[in-house]
$ cat structure_17.pdb   # PDB, C-alpha atoms, pLDDT in the B column
ATOM      1  CA  MET A   1     -84.743-110.904-190.690  1.00 38.00           C
ATOM      2  CA  ILE A   2     -84.953-108.355-193.517  1.00 41.00           C
ATOM      3  CA  PHE A   3     -82.385-105.548-193.467  1.00 42.00           C
ATOM      4  CA  ILE A   4     -83.699-102.267-194.819  1.00 44.00           C
ATOM      5  CA  TYR A   5     -80.977 -99.875-195.910  1.00 45.00           C
ATOM      6  CA  TYR A   6     -81.728 -96.172-195.782  1.00 51.00           C
ATOM      7  CA  LYS A   7     -79.615 -93.104-196.295  1.00 57.00           C
ATOM      8  CA  ILE A   8     -79.161 -90.330-193.775  1.00 54.00           C
ATOM      9  CA  LYS A   9     -81.146 -88.000-196.040  1.00 60.00           C
ATOM     10  CA  ASP A  10     -84.135 -90.322-195.600  1.00 59.00           C
ATOM     11  CA  ILE A  11     -84.220 -89.490-191.873  1.00 64.00           C
ATOM     12  CA  PRO A  12     -86.383 -86.473-190.905  1.00 63.00           C
ATOM     13  CA  GLU A  13     -84.090 -83.457-190.785  1.00 64.00           C
ATOM     14  CA  GLU A  14     -84.693 -82.724-187.080  1.00 64.00           C
ATOM     15  CA  GLU A  15     -83.585 -86.277-186.192  1.00 72.00           C
ATOM     16  CA  ARG A  16     -80.277 -86.198-188.080  1.00 80.00           C
ATOM     17  CA  PRO A  17     -77.215 -86.072-185.793  1.00 81.00           C
ATOM     18  CA  ARG A  18     -75.830 -82.800-187.145  1.00 83.00           C
ATOM     19  CA  GLU A  19     -79.193 -81.055-186.936  1.00 87.00           C
ATOM     20  CA  ARG A  20     -79.721 -82.323-183.394  1.00 86.00           C
ATOM     21  CA  LEU A  21     -76.272 -81.060-182.455  1.00 87.00           C
ATOM     22  CA  LYS A  22     -77.257 -77.573-183.593  1.00 86.00           C
ATOM     23  CA  MET A  23     -80.615 -77.765-181.814  1.00 85.00           C
ATOM     24  CA  VAL A  24     -79.750 -79.307-178.429  1.00 84.00           C
ATOM     25  CA  GLY A  25     -75.960 -79.155-178.106  1.00 85.00           C
ATOM     26  CA  ALA A  26     -73.272 -81.832-178.010  1.00 82.00           C
ATOM     27  CA  SER A  27     -73.815 -82.794-174.362  1.00 80.00           C
ATOM     28  CA  ASN A  28     -77.357 -83.957-175.149  1.00 83.00           C
ATOM     29  CA  LEU A  29     -76.490 -86.232-178.070  1.00 85.00           C
ATOM     30  CA  THR A  30     -76.187 -89.985-177.711  1.00 89.00           C
ATOM     31  CA  ASP A  31     -72.847 -91.741-178.126  1.00 89.00           C
ATOM     32  CA  ARG A  32     -74.089 -93.061-181.474  1.00 89.00           C
ATOM     33  CA  GLU A  33     -74.979 -89.580-182.727  1.00 90.00           C
ATOM     34  CA  LEU A  34     -71.600 -88.154-181.733  1.00 90.00           C
ATOM     35  CA  LEU A  35     -69.803 -91.016-183.470  1.00 90.00           C
ATOM     36  CA  ALA A  36     -71.922 -90.539-186.577  1.00 90.00           C
ATOM     37  CA  ILE A  37     -70.908 -86.873-186.771  1.00 90.00           C
ATOM     38  CA  ILE A  38     -67.216 -87.765-186.468  1.00 90.00           C
ATOM     39  CA  LEU A  39     -67.543 -90.465-189.161  1.00 90.00           C
ATOM     40  CA  LYS A  40     -69.336 -87.921-191.405  1.00 87.00           C
ATOM     41  CA  THR A  41     -70.766 -90.264-194.065  1.00 86.00           C
ATOM     42  CA  GLY A  42     -71.746 -93.847-194.629  1.00 85.00           C
ATOM     43  CA  THR A  43     -70.785 -96.174-197.429  1.00 84.00           C
ATOM     44  CA  LYS A  44     -72.628 -97.705-200.352  1.00 80.00           C
ATOM     45  CA  ASN A  45     -74.111-100.417-198.148  1.00 81.00           C
ATOM     46  CA  TYR A  46     -74.150 -98.849-194.676  1.00 83.00           C
ATOM     47  CA  ASN A  47     -75.436 -95.484-193.529  1.00 86.00           C
ATOM     48  CA  VAL A  48     -73.365 -93.604-190.969  1.00 89.00           C
ATOM     49  CA  ASN A  49     -75.791 -94.307-188.103  1.00 88.00           C
ATOM     50  CA  ASP A  50     -75.500 -98.049-188.696  1.00 88.00           C
ATOM     51  CA  ILE A  51     -71.712 -97.860-188.733  1.00 91.00           C
ATOM     52  CA  ALA A  52     -71.677 -95.901-185.472  1.00 91.00           C
ATOM     53  CA  LEU A  53     -74.051 -98.411-183.883  1.00 91.00           C
ATOM     54  CA  GLU A  54     -71.902-101.323-185.053  1.00 91.00           C
ATOM     55  CA  ILE A  55     -68.835 -99.755-183.428  1.00 92.00           C
ATOM     56  CA  LEU A  56     -70.674 -99.305-180.125  1.00 91.00           C
ATOM     57  CA  LYS A  57     -71.929-102.894-180.222  1.00 91.00           C
ATOM     58  CA  LYS A  58     -68.371-104.170-180.414  1.00 90.00           C
ATOM     59  CA  TYR A  59     -66.613-101.655-178.177  1.00 90.00           C
ATOM     60  CA  SER A  60     -67.501 -99.666-175.068  1.00 87.00           C
ATOM     61  CA  LEU A  61     -66.403 -96.035-174.829  1.00 83.00           C
ATOM     62  CA  GLN A  62     -63.640 -97.174-172.487  1.00 79.00           C
ATOM     63  CA  ASP A  63     -62.453 -99.679-175.100  1.00 83.00           C
ATOM     64  CA  LEU A  64     -62.335 -96.956-177.751  1.00 86.00           C
ATOM     65  CA  VAL A  65     -59.745 -95.049-175.744  1.00 82.00           C
ATOM     66  CA  GLU A  66     -57.128 -97.651-176.698  1.00 81.00           C
ATOM     67  CA  ILE A  67     -58.543 -98.924-180.000  1.00 88.00           C
ATOM     68  CA  THR A  68     -56.229 -99.360-182.975  1.00 90.00           C
ATOM     69  CA  ILE A  69     -56.720 -98.543-186.639  1.00 92.00           C
ATOM     70  CA  PRO A  70     -56.610-102.242-187.719  1.00 92.00           C
ATOM     71  CA  GLU A  71     -59.273-103.109-185.133  1.00 92.00           C
ATOM     72  CA  LEU A  72     -61.574-100.374-186.410  1.00 92.00           C
ATOM     73  CA  MET A  73     -61.080-101.437-190.015  1.00 93.00           C
ATOM     74  CA  LYS A  74     -62.506-104.875-189.195  1.00 93.00           C
ATOM     75  CA  ILE A  75     -65.906-103.250-188.659  1.00 92.00           C
ATOM     76  CA  LYS A  76     -68.193-103.209-191.678  1.00 88.00           C
ATOM     77  CA  GLY A  77     -68.307 -99.762-193.231  1.00 90.00           C
ATOM     78  CA  VAL A  78     -65.091 -98.517-191.585  1.00 93.00           C
ATOM     79  CA  GLY A  79     -62.241 -98.014-194.023  1.00 91.00           C
ATOM     80  CA  GLU A  80     -58.830 -96.592-193.412  1.00 93.00           C
ATOM     81  CA  VAL A  81     -59.897 -92.949-193.676  1.00 92.00           C
ATOM     82  CA  LYS A  82     -62.742 -93.321-191.150  1.00 91.00           C
ATOM     83  CA  ALA A  83     -60.474 -95.275-188.810  1.00 92.00           C
ATOM     84  CA  LEU A  84     -57.834 -92.546-188.977  1.00 93.00           C
ATOM     85  CA  GLU A  85     -60.398 -89.812-188.321  1.00 91.00           C
ATOM     86  CA  LEU A  86     -61.902 -91.621-185.355  1.00 91.00           C
ATOM     87  CA  VAL A  87     -58.551 -92.464-183.754  1.00 90.00           C
ATOM     88  CA  SER A  88     -57.471 -88.830-184.194  1.00 92.00           C
ATOM     89  CA  ALA A  89     -60.674 -87.561-182.535  1.00 90.00           C
ATOM     90  CA  ILE A  90     -60.194 -89.984-179.626  1.00 88.00           C
ATOM     91  CA  GLU A  91     -56.579 -88.898-179.154  1.00 86.00           C
ATOM     92  CA  LEU A  92     -57.607 -85.240-179.130  1.00 87.00           C
ATOM     93  CA  GLY A  93     -60.255 -86.017-176.502  1.00 82.00           C
ATOM     94  CA  LYS A  94     -57.658 -87.811-174.374  1.00 77.00           C
ATOM     95  CA  ARG A  95     -55.343 -84.806-174.511  1.00 77.00           C
ATOM     96  CA  ILE A  96     -58.144 -82.418-173.539  1.00 74.00           C
ATOM     97  CA  TYR A  97     -59.084 -84.692-170.631  1.00 67.00           C
ATOM     98  CA  ILE A  98     -55.487 -84.880-169.408  1.00 60.00           C
ATOM     99  CA  LYS A  99     -55.187 -81.100-169.630  1.00 61.00           C
ATOM    100  CA  GLN A 100     -58.392 -80.658-167.624  1.00 59.00           C
ATOM    101  CA  LYS A 101     -57.276 -83.131-164.984  1.00 56.00           C
ATOM    102  CA  SER A 102     -54.044 -81.210-164.494  1.00 52.00           C
ATOM    103  CA  ASN A 103     -55.895 -77.906-164.074  1.00 61.00           C
ATOM    104  CA  LEU A 104     -59.097 -78.678-162.183  1.00 72.00           C
ATOM    105  CA  LYS A 105     -61.252 -75.724-161.204  1.00 82.00           C
ATOM    106  CA  LYS A 106     -61.732 -75.235-157.471  1.00 86.00           C
ATOM    107  CA  LEU A 107     -65.162 -73.851-156.574  1.00 88.00           C
ATOM    108  CA  THR A 108     -65.808 -73.286-152.884  1.00 85.00           C
ATOM    109  CA  ASN A 109     -68.822 -70.979-152.562  1.00 90.00           C
ATOM    110  CA  PRO A 110     -72.179 -70.327-154.264  1.00 92.00           C
ATOM    111  CA  LYS A 111     -71.150 -66.983-155.770  1.00 91.00           C
ATOM    112  CA  ASP A 112     -68.116 -68.535-157.497  1.00 91.00           C
ATOM    113  CA  ILE A 113     -70.280 -71.336-158.849  1.00 92.00           C
ATOM    114  CA  TRP A 114     -72.882 -68.916-160.188  1.00 91.00           C
ATOM    115  CA  GLU A 115     -70.210 -66.767-161.844  1.00 90.00           C
ATOM    116  CA  TYR A 116     -68.600 -69.843-163.373  1.00 89.00           C
ATOM    117  CA  THR A 117     -71.825 -71.355-164.759  1.00 89.00           C
ATOM    118  CA  LYS A 118     -74.257 -68.495-165.406  1.00 86.00           C
ATOM    119  CA  TYR A 119     -73.450 -68.407-169.137  1.00 85.00           C
ATOM    120  CA  LEU A 120     -75.159 -71.797-169.411  1.00 86.00           C
ATOM    121  CA  PHE A 121     -78.523 -70.196-168.717  1.00 88.00           C
ATOM    122  CA  PHE A 122     -78.429 -67.081-170.903  1.00 83.00           C
ATOM    123  CA  ASN A 123     -81.619 -66.718-172.988  1.00 79.00           C
ATOM    124  CA  GLN A 124     -82.913 -70.125-171.885  1.00 83.00           C
ATOM    125  CA  LYS A 125     -86.703 -70.416-171.977  1.00 84.00           C
ATOM    126  CA  GLN A 126     -86.949 -73.785-170.271  1.00 87.00           C
ATOM    127  CA  GLU A 127     -85.587 -75.192-167.053  1.00 90.00           C
ATOM    128  CA  LEU A 128     -82.156 -76.797-167.202  1.00 92.00           C
ATOM    129  CA  PHE A 129     -80.914 -78.915-164.308  1.00 93.00           C
ATOM    130  CA  TYR A 130     -77.154 -79.336-163.955  1.00 93.00           C
ATOM    131  CA  CYS A 131     -75.047 -81.209-161.458  1.00 94.00           C
ATOM    132  CA  LEU A 132     -71.463 -80.331-160.624  1.00 95.00           C
ATOM    133  CA  TYR A 133     -69.369 -83.244-159.380  1.00 95.00           C
ATOM    134  CA  PHE A 134     -66.353 -82.619-157.142  1.00 94.00           C
ATOM    135  CA  ASN A 135     -63.400 -84.576-155.806  1.00 93.00           C
ATOM    136  CA  ASN A 136     -62.394 -84.491-152.144  1.00 91.00           C
ATOM    137  CA  GLN A 137     -60.421 -81.278-152.729  1.00 89.00           C
ATOM    138  CA  GLN A 138     -63.595 -79.508-153.885  1.00 89.00           C
ATOM    139  CA  GLU A 139     -62.215 -79.434-157.433  1.00 90.00           C
ATOM    140  CA  LEU A 140     -64.724 -79.728-160.241  1.00 91.00           C
ATOM    141  CA  ILE A 141     -64.479 -83.123-161.959  1.00 90.00           C
ATOM    142  CA  GLU A 142     -67.357 -82.750-164.384  1.00 89.00           C
ATOM    143  CA  ARG A 143     -70.452 -80.689-165.154  1.00 89.00           C
ATOM    144  CA  LYS A 144     -73.464 -82.617-166.407  1.00 90.00           C
ATOM    145  CA  LEU A 145     -76.790 -81.452-167.831  1.00 89.00           C
ATOM    146  CA  LEU A 146     -79.192 -84.085-166.505  1.00 90.00           C
ATOM    147  CA  PHE A 147     -82.659 -82.734-167.215  1.00 88.00           C
ATOM    148  CA  MET A 148     -84.430 -80.290-169.490  1.00 85.00           C
ATOM    149  CA  GLY A 149     -87.987 -79.222-168.765  1.00 80.00           C
ATOM    150  CA  THR A 150     -90.576 -76.725-169.872  1.00 64.00           C
ATOM    151  CA  ILE A 151     -90.823 -73.181-168.586  1.00 53.00           C
ATOM    152  CA  ASN A 152     -92.821 -74.348-165.563  1.00 54.00           C
ATOM    153  CA  LYS A 153     -91.863 -77.978-165.014  1.00 57.00           C
ATOM    154  CA  SER A 154     -88.642 -79.933-164.889  1.00 59.00           C
ATOM    155  CA  ILE A 155     -88.722 -83.723-164.683  1.00 65.00           C
ATOM    156  CA  ALA A 156     -85.873 -84.967-162.543  1.00 72.00           C
ATOM    157  CA  HIS A 157     -85.016 -88.111-160.602  1.00 82.00           C
ATOM    158  CA  PRO A 158     -82.358 -88.494-157.887  1.00 88.00           C
ATOM    159  CA  ARG A 159     -81.272 -91.804-159.435  1.00 89.00           C
ATOM    160  CA  GLU A 160     -79.707 -89.995-162.396  1.00 89.00           C
ATOM    161  CA  VAL A 161     -77.916 -87.534-160.130  1.00 93.00           C
ATOM    162  CA  PHE A 162     -76.189 -90.269-158.143  1.00 94.00           C
ATOM    163  CA  LYS A 163     -75.576 -92.579-161.093  1.00 91.00           C
ATOM    164  CA  GLU A 164     -73.217 -89.954-162.492  1.00 90.00           C
ATOM    165  CA  ALA A 165     -71.589 -89.483-159.088  1.00 93.00           C
ATOM    166  CA  TYR A 166     -70.787 -93.208-158.911  1.00 92.00           C
ATOM    167  CA  ARG A 167     -69.439 -93.192-162.450  1.00 90.00           C
ATOM    168  CA  LEU A 168     -67.104 -90.303-161.661  1.00 90.00           C
ATOM    169  CA  SER A 169     -66.167 -91.468-158.147  1.00 92.00           C
ATOM    170  CA  ALA A 170     -67.267 -88.017-156.966  1.00 94.00           C
ATOM    171  CA  SER A 171     -66.920 -86.986-153.336  1.00 95.00           C
ATOM    172  CA  SER A 172     -69.679 -84.368-153.363  1.00 96.00           C
ATOM    173  CA  ILE A 173     -72.355 -82.809-155.560  1.00 96.00           C
ATOM    174  CA  ILE A 174     -73.752 -79.330-156.106  1.00 96.00           C
ATOM    175  CA  CYS A 175     -76.949 -78.974-158.122  1.00 95.00           C
ATOM    176  CA  LEU A 176     -78.177 -75.920-159.949  1.00 94.00           C
ATOM    177  CA  HIS A 177     -81.078 -75.050-162.192  1.00 94.00           C
ATOM    178  CA  ASN A 178     -82.661 -71.954-163.609  1.00 93.00           C
ATOM    179  CA  HIS A 179     -86.066 -70.344-163.183  1.00 93.00           C
ATOM    180  CA  PRO A 180     -86.858 -68.896-166.630  1.00 90.00           C
ATOM    181  CA  SER A 181     -89.507 -66.677-165.009  1.00 90.00           C
ATOM    182  CA  GLY A 182     -86.695 -64.862-163.199  1.00 90.00           C
ATOM    183  CA  ASN A 183     -88.241 -65.504-159.766  1.00 93.00           C
ATOM    184  CA  LEU A 184     -85.567 -67.111-157.600  1.00 94.00           C
ATOM    185  CA  THR A 185     -87.873 -68.223-154.784  1.00 93.00           C
ATOM    186  CA  PRO A 186     -87.699 -72.011-154.429  1.00 92.00           C
ATOM    187  CA  SER A 187     -90.939 -73.762-155.293  1.00 90.00           C
ATOM    188  CA  ASP A 188     -92.401 -76.481-153.078  1.00 90.00           C
ATOM    189  CA  GLU A 189     -91.169 -78.965-155.697  1.00 89.00           C
ATOM    190  CA  ASP A 190     -87.656 -77.489-155.495  1.00 90.00           C
ATOM    191  CA  ILE A 191     -87.641 -77.905-151.709  1.00 91.00           C
ATOM    192  CA  ARG A 192     -88.949 -81.473-151.785  1.00 90.00           C
ATOM    193  CA  PHE A 193     -86.480 -82.500-154.473  1.00 91.00           C
ATOM    194  CA  THR A 194     -83.582 -80.919-152.594  1.00 92.00           C
ATOM    195  CA  GLU A 195     -84.611 -82.696-149.390  1.00 91.00           C
ATOM    196  CA  SER A 196     -84.656 -85.975-151.276  1.00 92.00           C
ATOM    197  CA  LEU A 197     -81.206 -85.396-152.773  1.00 93.00           C
ATOM    198  CA  VAL A 198     -79.691 -84.396-149.426  1.00 93.00           C
ATOM    199  CA  ASN A 199     -81.132 -87.437-147.666  1.00 93.00           C
ATOM    200  CA  ILE A 200     -79.925 -89.852-150.347  1.00 94.00           C
ATOM    201  CA  GLY A 201     -76.511 -88.193-150.433  1.00 94.00           C
ATOM    202  CA  SER A 202     -76.202 -88.585-146.675  1.00 92.00           C
ATOM    203  CA  LEU A 203     -77.014 -92.297-146.908  1.00 93.00           C
ATOM    204  CA  GLN A 204     -74.665 -92.849-149.843  1.00 93.00           C
ATOM    205  CA  GLY A 205     -71.758 -90.888-148.412  1.00 94.00           C
ATOM    206  CA  ILE A 206     -71.823 -88.449-151.344  1.00 95.00           C
ATOM    207  CA  PRO A 207     -73.147 -85.229-149.786  1.00 95.00           C
ATOM    208  CA  VAL A 208     -75.160 -82.720-151.764  1.00 95.00           C
ATOM    209  CA  LEU A 209     -73.497 -79.501-150.600  1.00 94.00           C
ATOM    210  CA  ASP A 210     -75.853 -77.029-152.223  1.00 95.00           C
ATOM    211  CA  HIS A 211     -78.707 -76.530-154.649  1.00 95.00           C
ATOM    212  CA  ILE A 212     -78.509 -73.199-156.435  1.00 96.00           C
ATOM    213  CA  ILE A 213     -81.389 -71.606-158.328  1.00 95.00           C
ATOM    214  CA  VAL A 214     -80.308 -69.032-160.895  1.00 94.00           C
ATOM    215  CA  ASN A 215     -81.513 -66.459-163.355  1.00 89.00           C
ATOM    216  CA  GLU A 216     -79.406 -64.254-165.598  1.00 83.00           C
ATOM    217  CA  ASP A 217     -78.847 -61.645-162.872  1.00 89.00           C
ATOM    218  CA  SER A 218     -78.577 -63.457-159.573  1.00 93.00           C
ATOM    219  CA  TYR A 219     -78.947 -66.716-157.661  1.00 95.00           C
ATOM    220  CA  TYR A 220     -80.528 -68.342-154.606  1.00 95.00           C
ATOM    221  CA  SER A 221     -78.422 -70.787-152.600  1.00 95.00           C
ATOM    222  CA  PHE A 222     -79.981 -73.299-150.212  1.00 94.00           C
ATOM    223  CA  TYR A 223     -76.619 -73.326-148.431  1.00 90.00           C
ATOM    224  CA  ASP A 224     -76.571 -69.547-147.949  1.00 89.00           C
ATOM    225  CA  HIS A 225     -80.125 -69.563-146.625  1.00 85.00           C
ATOM    226  CA  HIS A 226     -79.510 -72.558-144.308  1.00 70.00           C
ATOM    227  CA  ASN A 227     -82.555 -74.063-145.908  1.00 59.00           C
ATOM    228  CA  ILE A 228     -82.785 -77.878-145.950  1.00 57.00           C
ATOM    229  CA  LEU A 229     -79.024 -78.477-145.979  1.00 58.00           C
ATOM    230  CA  ASN A 230     -77.725 -79.550-142.606  1.00 51.00           C
ATOM    231  CA  ILE A 231     -74.254 -77.991-142.931  1.00 42.00           C
TER     232      ILE A 231
END
$ encode --input "structure_17.pdb" --output "structure tokens"
Amino acid sequence: MIFIYYKIKDIPEEERPRERLKMVGASNLTDRELLAIILKTGTKNYNVNDIALEILKKYSLQDLVEITIPELMKIKGVGEVKALELVSAIELGKRIYIKQKSNLKKLTNPKDIWEYTKYLFFNQKQELFYCLYFNNQQELIERKLLFMGTINKSIAHPREVFKEAYRLSASSIICLHNHPSGNLTPSDEDIRFTESLVNIGSLQGIPVLDHIIVNEDSYYSFYDHHNILNI
């Protein structure tokens, strides 16, 4: 097997981690890309993407929560400085997570949800599909952007919606997406997809409580309109 070394500057600009971060946002980057940004640069023999990939081959994200500086320094391309930077970033993330867990946001109606999330859709020209995952107290555990589409089509699959729910041990789900056209009327595709989600949620014991369609000025709630949702 021949190893071909390349530098980050050899990668097309739009595919470099930092450029992708600016273009699509942090939530849409891979674990490798996020690690590469934290590590900043490679070494003489390893580019930063290779180092990030090597870390993820050896350790899961859960393992990284408790990783030590000596363990990191055993990985090719990771010296003391990079190990210190990565451990510091992980510790900061842990503190943010703990702070969030101690102050979870409670969202109990469609209007509150729209007010809380509408900034996500300002000036968006394509459809974005988010899921909000809640615990059994109706407190928001996590918000996840699952799909990005064009102005007239969003490709989504219920499998991804519920995969995240299992990962988070969520008790319920609320979905929301925007209509860049501004028309809040649910399309036939919106109705079919919502029906599918509700049926799967009922079978899995993770109910889909609402699907909210938004624009910059208002929203349409399946729950409010007693449409599809049997609640």
$ closest_residue --input "structure_17.pdb" --among "A:Lys74, A:His177, A:Lys163, A:Arg32" --to "Leu56 in chain A" --atoms "all atoms listed in the file"
A:Arg32
$ resolve_selection --input "structure_17.pdb" --expression "the PyMOL selection byres ((chain A and resi 197) around 12)" --output "JSON list (two decimals) with C-alpha atoms, in the coordinates of the input"
[["chain", "number", "residue", "atom", "x", "y", "z"],
["A", 131, "CYS", "CA", -75.05, -81.21, -161.46],
["A", 156, "ALA", "CA", -85.87, -84.97, -162.54],
["A", 157, "HIS", "CA", -85.02, -88.11, -160.60],
["A", 158, "PRO", "CA", -82.36, -88.49, -157.89],
["A", 159, "ARG", "CA", -81.27, -91.80, -159.44],
["A", 160, "GLU", "CA", -79.71, -90.00, -162.40],
["A", 161, "VAL", "CA", -77.92, -87.53, -160.13],
["A", 162, "PHE", "CA", -76.19, -90.27, -158.14],
["A", 172, "SER", "CA", -69.68, -84.37, -153.36],
["A", 173, "ILE", "CA", -72.36, -82.81, -155.56],
["A", 174, "ILE", "CA", -73.75, -79.33, -156.11],
["A", 175, "CYS", "CA", -76.95, -78.97, -158.12],
["A", 190, "ASP", "CA", -87.66, -77.49, -155.50],
["A", 191, "ILE", "CA", -87.64, -77.90, -151.71],
["A", 192, "ARG", "CA", -88.95, -81.47, -151.78],
["A", 193, "PHE", "CA", -86.48, -82.50, -154.47],
["A", 194, "THR", "CA", -83.58, -80.92, -152.59],
["A", 195, "GLU", "CA", -84.61, -82.70, -149.39],
["A", 196, "SER", "CA", -84.66, -85.98, -151.28],
["A", 198, "VAL", "CA", -79.69, -84.40, -149.43],
["A", 199, "ASN", "CA", -81.13, -87.44, -147.67],
["A", 200, "ILE", "CA", -79.92, -89.85, -150.35],
["A", 201, "GLY", "CA", -76.51, -88.19, -150.43],
["A", 202, "SER", "CA", -76.20, -88.58, -146.68],
["A", 203, "LEU", "CA", -77.01, -92.30, -146.91],
["A", 204, "GLN", "CA", -74.67, -92.85, -149.84],
["A", 205, "GLY", "CA", -71.76, -90.89, -148.41],
["A", 206, "ILE", "CA", -71.82, -88.45, -151.34],
["A", 207, "PRO", "CA", -73.15, -85.23, -149.79],
["A", 208, "VAL", "CA", -75.16, -82.72, -151.76],
["A", 209, "LEU", "CA", -73.50, -79.50, -150.60],
["A", 210, "ASP", "CA", -75.85, -77.03, -152.22],
["A", 211, "HIS", "CA", -78.71, -76.53, -154.65],
["A", 228, "ILE", "CA", -82.78, -77.88, -145.95],
["A", 229, "LEU", "CA", -79.02, -78.48, -145.98]]
$ residues_around --input "structure_17.pdb" --residues "Leu168 in chain A" --least-positions-apart "6" --cutoff "12 Å" --atoms "all atoms listed in the file" --output "PDB file with C-alpha atoms, keeping the file's coordinate frame"
ATOM      1  CA  LEU A 132     -71.463 -80.331-160.624  1.00 95.00           C
ATOM      2  CA  TYR A 133     -69.369 -83.244-159.380  1.00 95.00           C
ATOM      3  CA  PHE A 134     -66.353 -82.619-157.142  1.00 94.00           C
ATOM      4  CA  ASN A 135     -63.400 -84.576-155.806  1.00 93.00           C
ATOM      5  CA  LEU A 140     -64.724 -79.728-160.241  1.00 91.00           C
ATOM      6  CA  ILE A 141     -64.479 -83.123-161.959  1.00 90.00           C
ATOM      7  CA  GLU A 142     -67.357 -82.750-164.384  1.00 89.00           C
ATOM      8  CA  ARG A 143     -70.452 -80.689-165.154  1.00 89.00           C
ATOM      9  CA  LYS A 144     -73.464 -82.617-166.407  1.00 90.00           C
ATOM     10  CA  VAL A 161     -77.916 -87.534-160.130  1.00 93.00           C
ATOM     11  CA  PHE A 162     -76.189 -90.269-158.143  1.00 94.00           C
ATOM     12  CA  ILE A 206     -71.823 -88.449-151.344  1.00 95.00           C
TER      13      ILE A 206
END
$ atom_distance --input "structure_17.pdb" --atom1 "CA of Met23 in chain A" --atom2 "CA of Leu176 in chain A"
22.1 Å
$ residues_near_point --input "structure_17.pdb" --point "(-75.3, -85.5, -183.2)" --cutoff "6 Å" --atoms "all atoms listed in the file" --output "list in words"
Pro17, Arg18, Arg20, Leu21, Leu29, Glu33, Leu34 and Ile37 of chain A
$ atom_distance --input "structure_17.pdb" --atom1 "CA of Lys106 in chain A" --atom2 "CA of Lys94 in chain A"
21.5 Å
$ residues_around --input "structure_17.pdb" --residues "Glu216 in chain A" --least-positions-apart "4" --cutoff "9 Å" --atoms "all atoms listed in the file" --output "JSON, numbers by chain"
{"A": [118, 119, 121, 122, 123, 178, 180, 182]}
$ closest_residue --input "structure_17.pdb" --among "A:Leu120, A:Ala26, A:Leu145, A:Ala36" --to "Ile55 in chain A" --atoms "only C-alpha atoms"
A:Ala36
$ closest_residue --input "structure_17.pdb" --among "A:Ser171, A:Ser221, A:Thr117, A:Thr43" --to "Glu139 in chain A" --atoms "only C-alpha atoms"
A:Ser171
$ decode --input "structure_17.pdb" --residues "range 98-134 of chain A" --atoms "C-alpha atoms" --output "PDB file, in the first residue's frame"
ATOM      1  CA  ILE A  98     -23.217  20.249  32.202  1.00  0.00           C
ATOM      2  CA  LYS A  99     -24.455  23.840  32.233  1.00  0.00           C
ATOM      3  CA  GLN A 100     -27.094  23.026  29.612  1.00  0.00           C
ATOM      4  CA  LYS A 101     -28.240  19.942  31.485  1.00  0.00           C
ATOM      5  CA  SER A 102     -28.763  21.997  34.628  1.00  0.00           C
ATOM      6  CA  ASN A 103     -30.836  24.597  32.767  1.00  0.00           C
ATOM      7  CA  LEU A 104     -32.890  22.714  30.185  1.00  0.00           C
ATOM      8  CA  LYS A 105     -35.387  24.740  28.189  1.00  0.00           C
ATOM      9  CA  LYS A 106     -39.018  23.729  28.632  1.00  0.00           C
ATOM     10  CA  LEU A 107     -41.087  24.158  25.466  1.00  0.00           C
ATOM     11  CA  THR A 108     -44.745  23.208  25.735  1.00  0.00           C
ATOM     12  CA  ASN A 109     -46.577  24.758  22.777  1.00  0.00           C
ATOM     13  CA  PRO A 110     -46.017  25.494  19.071  1.00  0.00           C
ATOM     14  CA  LYS A 111     -45.781  29.270  19.508  1.00  0.00           C
ATOM     15  CA  ASP A 112     -42.987  28.938  22.092  1.00  0.00           C
ATOM     16  CA  ILE A 113     -41.121  26.554  19.814  1.00  0.00           C
ATOM     17  CA  TRP A 114     -41.428  28.887  16.833  1.00  0.00           C
ATOM     18  CA  GLU A 115     -40.240  31.866  18.885  1.00  0.00           C
ATOM     19  CA  TYR A 116     -37.317  29.853  20.225  1.00  0.00           C
ATOM     20  CA  THR A 117     -36.154  28.506  16.842  1.00  0.00           C
ATOM     21  CA  LYS A 118     -37.218  31.010  14.175  1.00  0.00           C
ATOM     22  CA  TYR A 119     -33.749  32.597  14.017  1.00  0.00           C
ATOM     23  CA  LEU A 120     -32.518  29.341  12.479  1.00  0.00           C
ATOM     24  CA  PHE A 121     -34.477  30.054   9.314  1.00  0.00           C
ATOM     25  CA  PHE A 122     -33.738  33.735   8.690  1.00  0.00           C
ATOM     26  CA  ASN A 123     -32.686  34.373   5.065  1.00  0.00           C
ATOM     27  CA  GLN A 124     -32.591  30.649   4.274  1.00  0.00           C
ATOM     28  CA  LYS A 125     -33.188  29.858   0.603  1.00  0.00           C
ATOM     29  CA  GLN A 126     -33.428  26.101   0.974  1.00  0.00           C
ATOM     30  CA  GLU A 127     -35.462  23.814   3.172  1.00  0.00           C
ATOM     31  CA  LEU A 128     -33.974  22.905   6.538  1.00  0.00           C
ATOM     32  CA  PHE A 129     -35.462  20.070   8.577  1.00  0.00           C
ATOM     33  CA  TYR A 130     -34.824  20.108  12.322  1.00  0.00           C
ATOM     34  CA  CYS A 131     -35.873  17.773  15.086  1.00  0.00           C
ATOM     35  CA  LEU A 132     -36.216  18.796  18.711  1.00  0.00           C
ATOM     36  CA  TYR A 133     -35.735  15.972  21.204  1.00  0.00           C
ATOM     37  CA  PHE A 134     -37.352  16.157  24.646  1.00  0.00           C
TER      38      PHE A 134
END
